[in-house]
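Trainee: Structure file model-v8.cif (mmCIF, C-alpha atoms) is given on the next line.
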data_start
loop_
_atom_site.label_atom_id
_atom_site.label_comp_id
_atom_site.auth_asym_id
_atom_site.auth_seq_id
_atom_site.Cartn_x
_atom_site.Cartn_y
_atom_site.Cartn_z
CA MET B 1440 -38.31 1.23 16.67
CA ASN B 1441 -40.25 4.11 18.14
CA TYR B 1442 -37.50 6.72 18.10
CA ARG B 1443 -39.86 9.49 19.16
CA LEU B 1444 -40.65 7.59 22.35
CA LEU B 1445 -37.03 6.68 23.01
CA TYR B 1446 -35.82 10.25 22.61
CA ALA B 1447 -38.69 11.45 24.79
CA MET B 1448 -37.48 9.01 27.46
CA GLY B 1449 -33.91 10.19 27.06
CA PHE B 1450 -32.81 6.75 25.88
CA HIS B 1451 -30.39 6.92 22.94
CA PRO B 1452 -27.47 4.51 23.50
CA TRP B 1453 -26.52 4.53 19.81
CA GLU B 1454 -24.95 7.92 20.41
CA ASP B 1455 -22.26 6.20 22.47
CA LEU B 1456 -20.89 4.49 19.36
CA ALA B 1457 -18.88 7.61 18.62
CA GLU B 1458 -16.77 6.74 21.67
CA HIS B 1459 -16.57 3.04 20.81
CA ARG B 1460 -13.33 3.01 18.84
CA PRO B 1461 -13.72 -0.30 16.96
CA TYR B 1462 -16.96 0.99 15.43
CA ALA B 1463 -15.99 4.64 15.04
CA ASP B 1464 -12.59 3.90 13.55
CA GLY B 1465 -14.07 1.50 11.01
CA LEU B 1466 -16.70 3.98 9.91
CA LEU B 1467 -14.25 6.86 9.65
CA ARG B 1468 -11.84 4.75 7.61
CA LEU B 1469 -14.57 4.40 5.01
CA VAL B 1470 -15.23 8.13 5.12
CA ALA B 1471 -11.50 8.84 4.74
CA ARG B 1472 -11.50 6.99 1.42
CA GLU B 1473 -13.82 9.65 0.02
CA GLU B 1474 -11.32 12.31 1.10
CA GLU B 1475 -8.19 10.77 -0.40
CA GLY B 1476 -6.40 13.04 -2.85
CA ARG B 1477 -8.57 16.02 -1.93
CA ARG B 1478 -8.38 18.98 0.40
CA PRO B 1479 -11.32 20.28 2.41
CA PRO B 1480 -13.97 21.25 1.77
CA PHE B 1481 -14.70 17.77 0.48
CA GLY B 1482 -18.18 18.52 -0.80
CA ALA B 1483 -21.75 17.98 0.33
CA ALA B 1484 -22.60 15.13 2.69
CA LEU B 1485 -26.07 13.98 3.73
CA ASP B 1486 -26.51 12.37 7.16
CA VAL B 1487 -29.70 10.32 6.79
CA GLY B 1488 -31.56 9.87 10.06
CA THR B 1489 -29.04 12.14 11.72
CA GLY B 1490 -30.51 11.82 15.22
CA SER B 1491 -28.50 14.09 17.50
CA ALA B 1492 -25.93 14.66 14.73
CA VAL B 1493 -23.12 12.62 16.31
CA TRP B 1494 -21.73 11.65 12.93
CA GLY B 1495 -22.85 14.79 11.13
CA VAL B 1496 -20.73 16.88 13.49
CA GLU B 1497 -17.78 14.55 12.90
CA LEU B 1498 -18.12 14.94 9.14
CA ALA B 1499 -18.32 18.73 9.50
CA ARG B 1500 -15.16 18.74 11.59
CA ARG B 1501 -13.40 16.82 8.84
CA GLY B 1502 -14.32 19.39 6.22
CA TRP B 1503 -17.64 18.24 4.74
CA ASP B 1504 -20.60 20.51 4.03
CA VAL B 1505 -23.16 18.51 6.01
CA THR B 1506 -26.93 18.36 5.94
CA GLY B 1507 -28.70 16.19 8.50
CA ILE B 1508 -32.30 15.06 8.16
CA ASP B 1509 -34.51 13.42 10.77
CA ILE B 1510 -38.19 13.08 11.58
CA VAL B 1511 -37.82 13.19 15.38
CA GLU B 1512 -37.94 16.77 16.64
CA LYS B 1513 -36.39 15.95 20.02
CA ALA B 1514 -33.45 14.37 18.22
CA LEU B 1515 -33.05 17.51 16.12
CA ASN B 1516 -33.14 19.64 19.26
CA ARG B 1517 -30.25 17.59 20.64
CA ALA B 1518 -28.53 17.94 17.28
CA ARG B 1519 -28.80 21.71 17.38
CA GLU B 1520 -27.23 21.74 20.83
CA ARG B 1521 -24.43 19.43 19.70
CA VAL B 1522 -23.70 21.49 16.60
CA GLY B 1523 -23.61 24.67 18.65
CA LYS B 1524 -21.24 23.23 21.23
CA ALA B 1525 -18.98 21.83 18.51
CA GLY B 1526 -18.79 25.20 16.76
CA VAL B 1527 -19.25 23.69 13.30
CA GLU B 1528 -21.53 24.50 10.38
CA MET B 1529 -24.24 21.92 9.74
CA ARG B 1530 -27.71 22.29 8.26
CA LEU B 1531 -30.44 20.40 10.12
CA MET B 1532 -33.77 19.63 8.52
CA TYR B 1533 -36.98 18.01 9.69
CA GLY B 1534 -37.97 15.49 7.06
CA ASP B 1535 -38.78 11.94 6.05
CA VAL B 1536 -35.92 9.79 4.75
CA THR B 1537 -38.37 8.09 2.39
CA LYS B 1538 -39.05 11.45 0.68
CA LEU B 1539 -35.54 12.77 0.15
CA GLY B 1540 -36.31 13.88 -3.38
CA ASP B 1541 -38.96 16.24 -2.03
CA ALA B 1542 -36.83 17.72 0.73
CA GLY B 1543 -35.65 20.61 -1.39
CA PHE B 1544 -31.96 20.48 -0.54
CA GLY B 1545 -30.60 19.88 -4.01
CA SER B 1546 -28.85 17.00 -5.74
CA ASP B 1547 -25.16 17.60 -5.09
CA PHE B 1548 -24.40 15.15 -2.30
CA ARG B 1549 -21.25 13.11 -2.95
CA LEU B 1550 -21.44 11.30 0.38
CA ILE B 1551 -24.60 9.84 1.91
CA LEU B 1552 -24.26 8.31 5.37
CA ASP B 1553 -26.81 6.18 7.20
CA THR B 1554 -25.77 4.74 10.56
CA GLY B 1555 -28.99 2.97 11.45
CA THR B 1556 -32.10 4.07 9.55
CA PHE B 1557 -32.38 1.83 6.49
CA HIS B 1558 -32.31 -1.47 8.40
CA GLY B 1559 -35.43 -0.56 10.39
CA LEU B 1560 -37.60 0.37 7.41
CA THR B 1561 -40.21 -1.71 5.60
CA ASP B 1562 -39.44 -2.97 2.12
CA ASP B 1563 -41.49 -0.19 0.51
CA GLN B 1564 -39.82 2.45 2.67
CA ARG B 1565 -36.39 1.10 1.74
CA ALA B 1566 -37.22 1.33 -1.95
CA ALA B 1567 -38.44 4.89 -1.44
CA MET B 1568 -35.26 5.81 0.41
CA GLY B 1569 -33.18 4.32 -2.39
CA SER B 1570 -35.08 6.35 -4.98
CA GLY B 1571 -34.59 9.46 -2.89
CA VAL B 1572 -30.86 8.89 -2.65
CA ASP B 1573 -30.79 8.54 -6.45
CA ALA B 1574 -32.42 11.94 -6.71
CA VAL B 1575 -30.06 13.84 -4.39
CA ALA B 1576 -26.70 12.15 -5.05
CA THR B 1577 -24.07 13.21 -7.56
CA THR B 1578 -23.00 10.83 -10.32
CA ASP B 1579 -19.79 10.03 -8.43
CA ALA B 1580 -21.41 9.71 -5.00
CA THR B 1581 -20.73 7.11 -2.33
CA VAL B 1582 -23.30 5.70 0.08
CA ILE B 1583 -22.31 4.15 3.42
CA ILE B 1584 -25.00 2.20 5.29
CA ASP B 1585 -24.76 0.45 8.66
CA CYS B 1586 -27.09 -2.54 9.03
CA PHE B 1587 -27.74 -5.22 11.61
CA ALA B 1588 -27.86 -8.74 10.21
CA PRO B 1589 -31.46 -9.66 9.35
CA ARG B 1590 -33.38 -11.48 12.09
CA ARG B 1591 -36.25 -10.87 14.49
CA ARG B 1592 -35.36 -8.85 17.57
CA GLY B 1593 -38.74 -7.78 18.93
CA PRO B 1594 -39.03 -3.97 18.78
CA LEU B 1595 -35.42 -3.55 17.60
CA PRO B 1596 -34.57 -3.02 13.91
CA ARG B 1597 -35.07 -6.16 11.84
CA GLY B 1598 -31.79 -5.69 10.03
CA ALA B 1599 -30.96 -6.00 6.35
CA SER B 1600 -28.89 -8.28 4.16
CA ARG B 1601 -26.70 -7.38 1.22
CA ALA B 1602 -29.53 -8.52 -1.06
CA ASP B 1603 -31.90 -6.14 0.74
CA VAL B 1604 -29.50 -3.25 0.18
CA GLU B 1605 -28.99 -4.12 -3.48
CA ARG B 1606 -32.74 -4.41 -4.05
CA ALA B 1607 -33.35 -0.92 -2.66
CA PHE B 1608 -30.46 0.60 -4.64
CA PRO B 1609 -30.69 -1.00 -8.10
CA GLY B 1610 -28.58 1.71 -9.72
CA TRP B 1611 -25.70 1.17 -7.33
CA ASP B 1612 -23.00 -1.45 -6.78
CA VAL B 1613 -22.04 -2.73 -3.36
CA THR B 1614 -18.26 -2.36 -3.51
CA ASP B 1615 -17.45 -3.30 0.08
CA VAL B 1616 -18.99 -5.10 3.03
CA GLU B 1617 -17.10 -4.70 6.29
CA VAL B 1618 -17.62 -5.77 9.87
CA ALA B 1619 -18.90 -2.67 11.65
CA ASP B 1620 -17.90 -3.62 15.19
CA THR B 1621 -15.01 -5.99 15.82
CA GLU B 1622 -15.49 -5.72 19.59
CA PRO B 1623 -19.28 -5.83 20.19
CA ASP B 1624 -20.62 -5.27 23.67
CA MET B 1625 -22.86 -7.68 25.57
CA ILE B 1626 -26.10 -6.20 24.19
CA SER B 1627 -24.81 -6.53 20.61
CA LYS B 1628 -23.88 -10.14 21.28
CA LEU B 1629 -27.17 -10.94 23.03
CA PHE B 1630 -29.29 -9.64 20.16
CA ARG B 1631 -26.79 -10.78 17.53
CA PHE B 1632 -26.53 -7.44 15.79
CA ASP B 1633 -23.64 -8.68 13.60
CA GLU B 1634 -23.43 -5.21 12.05
CA ARG B 1635 -22.03 -4.57 8.61
CA PHE B 1636 -21.00 -1.42 6.78
CA TYR B 1637 -22.13 -1.47 3.16
CA ARG B 1638 -20.34 0.88 0.79
CA LEU B 1639 -22.10 1.61 -2.49
CA ARG B 1640 -21.11 3.45 -5.66
CA ARG B 1641 -23.28 4.23 -8.65
CA ASN B 1642 -22.87 1.47 -11.18
CA ARG B 1643 -21.18 2.41 -14.42
CA ALA B 1644 -24.38 2.21 -16.44
CA GLU B 1645 -25.79 4.99 -14.25
CA ARG B 1646 -22.82 7.34 -14.58
CA SER B 1647 -22.85 10.12 -17.11
CA ASP B 1648 -19.12 9.82 -17.85
CA ASP B 1649 -17.82 6.34 -18.57
CA SER B 1650 -14.54 7.53 -19.98
CA ALA B 1651 -12.80 8.04 -16.67
CA GLY B 1652 -11.72 4.42 -16.40
CA PRO B 1653 -12.02 2.18 -13.32
CA ASP B 1654 -13.12 3.86 -10.12
CA PRO B 1655 -10.01 3.99 -7.91
CA ALA B 1656 -12.14 4.59 -4.81
CA ALA B 1657 -13.79 1.20 -5.29
CA VAL B 1658 -10.59 -0.70 -4.51
CA THR B 1659 -10.34 -1.81 -0.92
CA SER B 1660 -8.26 -3.92 1.37
CA GLY B 1661 -8.15 -4.70 5.05
CA PRO B 1662 -8.49 -7.57 7.50
CA VAL B 1663 -12.22 -7.07 8.10
CA SER B 1664 -13.29 -6.74 4.49
CA LEU B 1665 -16.05 -9.14 3.46
CA ARG B 1666 -16.33 -7.79 -0.06
CA ALA B 1667 -16.45 -11.19 -1.73
CA SER B 1668 -18.91 -12.71 0.73
CA PRO B 1669 -22.59 -11.68 0.72
CA SER B 1670 -23.88 -11.24 4.25
#
Mind turning this structure into structure tokens?
Mentor:
Amino acid sequence: MNYRLLYAMGFHPWEDLAEHRPYADGLLRLVAREEEGRRPPFGAALDVGTGSAVWGVELARRGWDVTGIDIVEKALNRARERVGKAGVEMRLMYGDVTKLGDAGFGSDFRLILDTGTFHGLTDDQRAAMGSGVDAVATTDATVIIDCFAPRRRGPLPRGASRADVERAFPGWDVTDVEVADTEPDMISKLFRFDERFYRLRRNRAERSDDSAGPDPAAVTSGPVSLRASPS
């Protein structure tokens, strides 16, 4: 998708998902799992392809130290306005999500959130994004990615399967696959978005400390969990 053109036209319907409770509640339930047993501040979070910072602002409100990165300047301008109105602290950076390791914002992110960037990238760009996440994430980090189901939709994102996600993040395990929107609107049904949230954790071979035992945050339950079923 040409996000520069869409933002220039003032067309950004994905921002409305923050008010669509079936989607927002599902996403924030996954975020809440990274907060269990802790008090804010929860640590550093990276909002990949932040756009106008809808979700970055929400993370900041919850107690995360948030950095948002995007390559569309008009989106970042909207993000700055949103952050200012919300009265939260959030760092906004112009940058390419396929070059995260070169962005210069460190390697201490324990939460990486992508609500719609990965599934529109080429295979090479996805691999580059995965390598970049490796470079900036902590050893106990969690990645949450929202993807359409893979199929042709003209200029819309082509989507990504579980296998696509796993291929781009070889050092990570997909611990959960959940339906992202249990009440899709007519556009979502027409184009068969069939969105899924993928939750990833570094696999044990990649962790520096294997003595901590099983990862309690990797245990999940819930009526919309598709953990055992590849999408």
Trainee: For the provided coordinates, the residues matched by the PyMOL selection byres ((chain B and resi 1621-1626) around 9) should be stated as a list of chain:residue names.
Mentor: B:His1459, B:Pro1461, B:Tyr1462, B:Gly1465, B:Val1618, B:Ala1619, B:Asp1620, B:Ser1627, B:Lys1628, B:Leu1629, B:Phe1630, B:Arg1631, B:Phe1632, B:Asp1633, B:Val1663
Trainee: Those same residues - C-alpha atoms - I'd like them written as a compact mmCIF listing (two decimals), in the frame of the given file.
Mentor:
# COMPACT_ATOMS: atom_id res chain seq x y z
CA HIS B 1459 -16.57 3.04 20.81
CA PRO B 1461 -13.72 -0.30 16.96
CA TYR B 1462 -16.96 0.99 15.43
CA GLY B 1465 -14.07 1.50 11.01
CA VAL B 1618 -17.62 -5.77 9.87
CA ALA B 1619 -18.90 -2.67 11.65
CA ASP B 1620 -17.90 -3.62 15.19
CA SER B 1627 -24.81 -6.53 20.61
CA LYS B 1628 -23.88 -10.14 21.28
CA LEU B 1629 -27.17 -10.94 23.03
CA PHE B 1630 -29.29 -9.64 20.16
CA ARG B 1631 -26.79 -10.78 17.53
CA PHE B 1632 -26.53 -7.44 15.79
CA ASP B 1633 -23.64 -8.68 13.60
CA VAL B 1663 -12.22 -7.07 8.10
Trainee: Neighbours of Trp1503 (chain B) within 8 Å (all atoms listed in the file; same-chain residues fewer than 5 positions away dropped), as number ranges by chain?
Mentor: B: 1479-1484, 1498
Trainee: Work out how far CA of Lys1538 (chain B) is from CA of Ile1583 (chain B), in Å to one decimal.
Mentor: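 Calculated distance between CA of Ile1583 (chain B) and CA of Lys1538 (chain B) is 18.5 Å.
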Trainee: From the list B:Ala1457, B:Val1505, B:Ala1463, B:Ala1471, which residue is nearest Val1493 (chain B) when using only C-alpha atoms?
Mentor: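 Using only C-alpha atoms, the shortest distance to Val1493 (chain B) belongs to B:Ala1457.
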Trainee: Could you expand the PyMOL selection byres ((chain B and resi 1565) around 10) into the explicit residues it covers here, written as a list in words?
Mentor: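 Evaluating the PyMOL selection byres ((chain B and resi 1565) around 10) on this file yields Val1536, Thr1537, Thr1556, Phe1557, His1558, Gly1559, Leu1560, Thr1561, Asp1562, Asp1563, Gln1564, Ala1566, Ala1567, Met1568, Gly1569, Ser1570, Gly1571, Asp1603, Val1604, Arg1606, Ala1607 and Phe1608 of chain B.
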Trainee: Spell out the residues picked by the PyMOL selection byres ((chain B and resi 1588-1595) around 6) here, as a list in words.
Mentor: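 Expected selection for the PyMOL selection byres ((chain B and resi 1588-1595) around 6) here is Met1440, Phe1587, Pro1596, Arg1597, Gly1598, Ala1599, Ser1600, Phe1632, Asp1633 and Glu1634 of chain B.
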Trainee: Measure the distance from CA of Ala1576 (chain B) to CA of Arg1549 (chain B) in Å and round it to one decimal.
Mentor: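 Here the two named atoms are 5.9 Å from each other.
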Trainee: Can you measure CA of Asp1504 (chain B) to CA of Val1616 (chain B) for me? One decimal in Å is fine.
Mentor: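 The value is 25.7 Å.
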Trainee: Just the residues within 6 Å of Leu1550 (chain B), please, counting all atoms listed in the file, with nothing from its chain fewer than 4 positions along; format it as a list in words.
Mentor: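 So, after excluding close chain neighbours, the residues are Ala1484, Ala1580, Thr1581 and Val1582 of chain B.
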Trainee: Would you save the residues of that selection, restricted to C-alpha atoms, as a JSON list (two decimals), in the coordinates of the input?
Mentor:
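Final output, saved to out13.json:
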[["chain", "number", "residue", "atom", "x", "y", "z"],
["B", 1484, "ALA", "CA", -22.60, 15.13, 2.69],
["B", 1580, "ALA", "CA", -21.41, 9.71, -5.00],
["B", 1581, "THR", "CA", -20.73, 7.11, -2.33],
["B", 1582, "VAL", "CA", -23.30, 5.70, 0.08]]
Trainee: I need the residue nearest Glu1473 (chain B) from this list: B:Asp1579, B:Cys1586, B:Arg1519, B:Ile1510. Use all atoms listed in the file for the distance.
Mentor: B:Asp1579
Trainee: Which residue out of B:Arg1478, B:Arg1530, B:Arg1460, B:Arg1641 has the minimum interatomic distance to Gly1502 (chain B) when only C-alpha atoms are used?
Mentor: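 Once distances to Gly1502 (chain B) are computed over only C-alpha atoms, the minimum belongs to B:Arg1478.
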Trainee: Identify which of the residues B:Gly1543, B:Gly1526, B:Gly1476, B:Gly1610 lies closest to Glu1497 (chain B), counting all atoms listed in the file when measuring atom-to-atom distances.
Mentor: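 Closest candidate: B:Gly1526.
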Trainee: Counting all atoms listed in the file, which residue out of B:Glu1617, B:Asp1509, B:Asp1486, B:Asp1612 sits closest to Arg1643 (chain B)?
Mentor: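 Answer, going by the shortest atom-to-atom distance: B:Asp1612.
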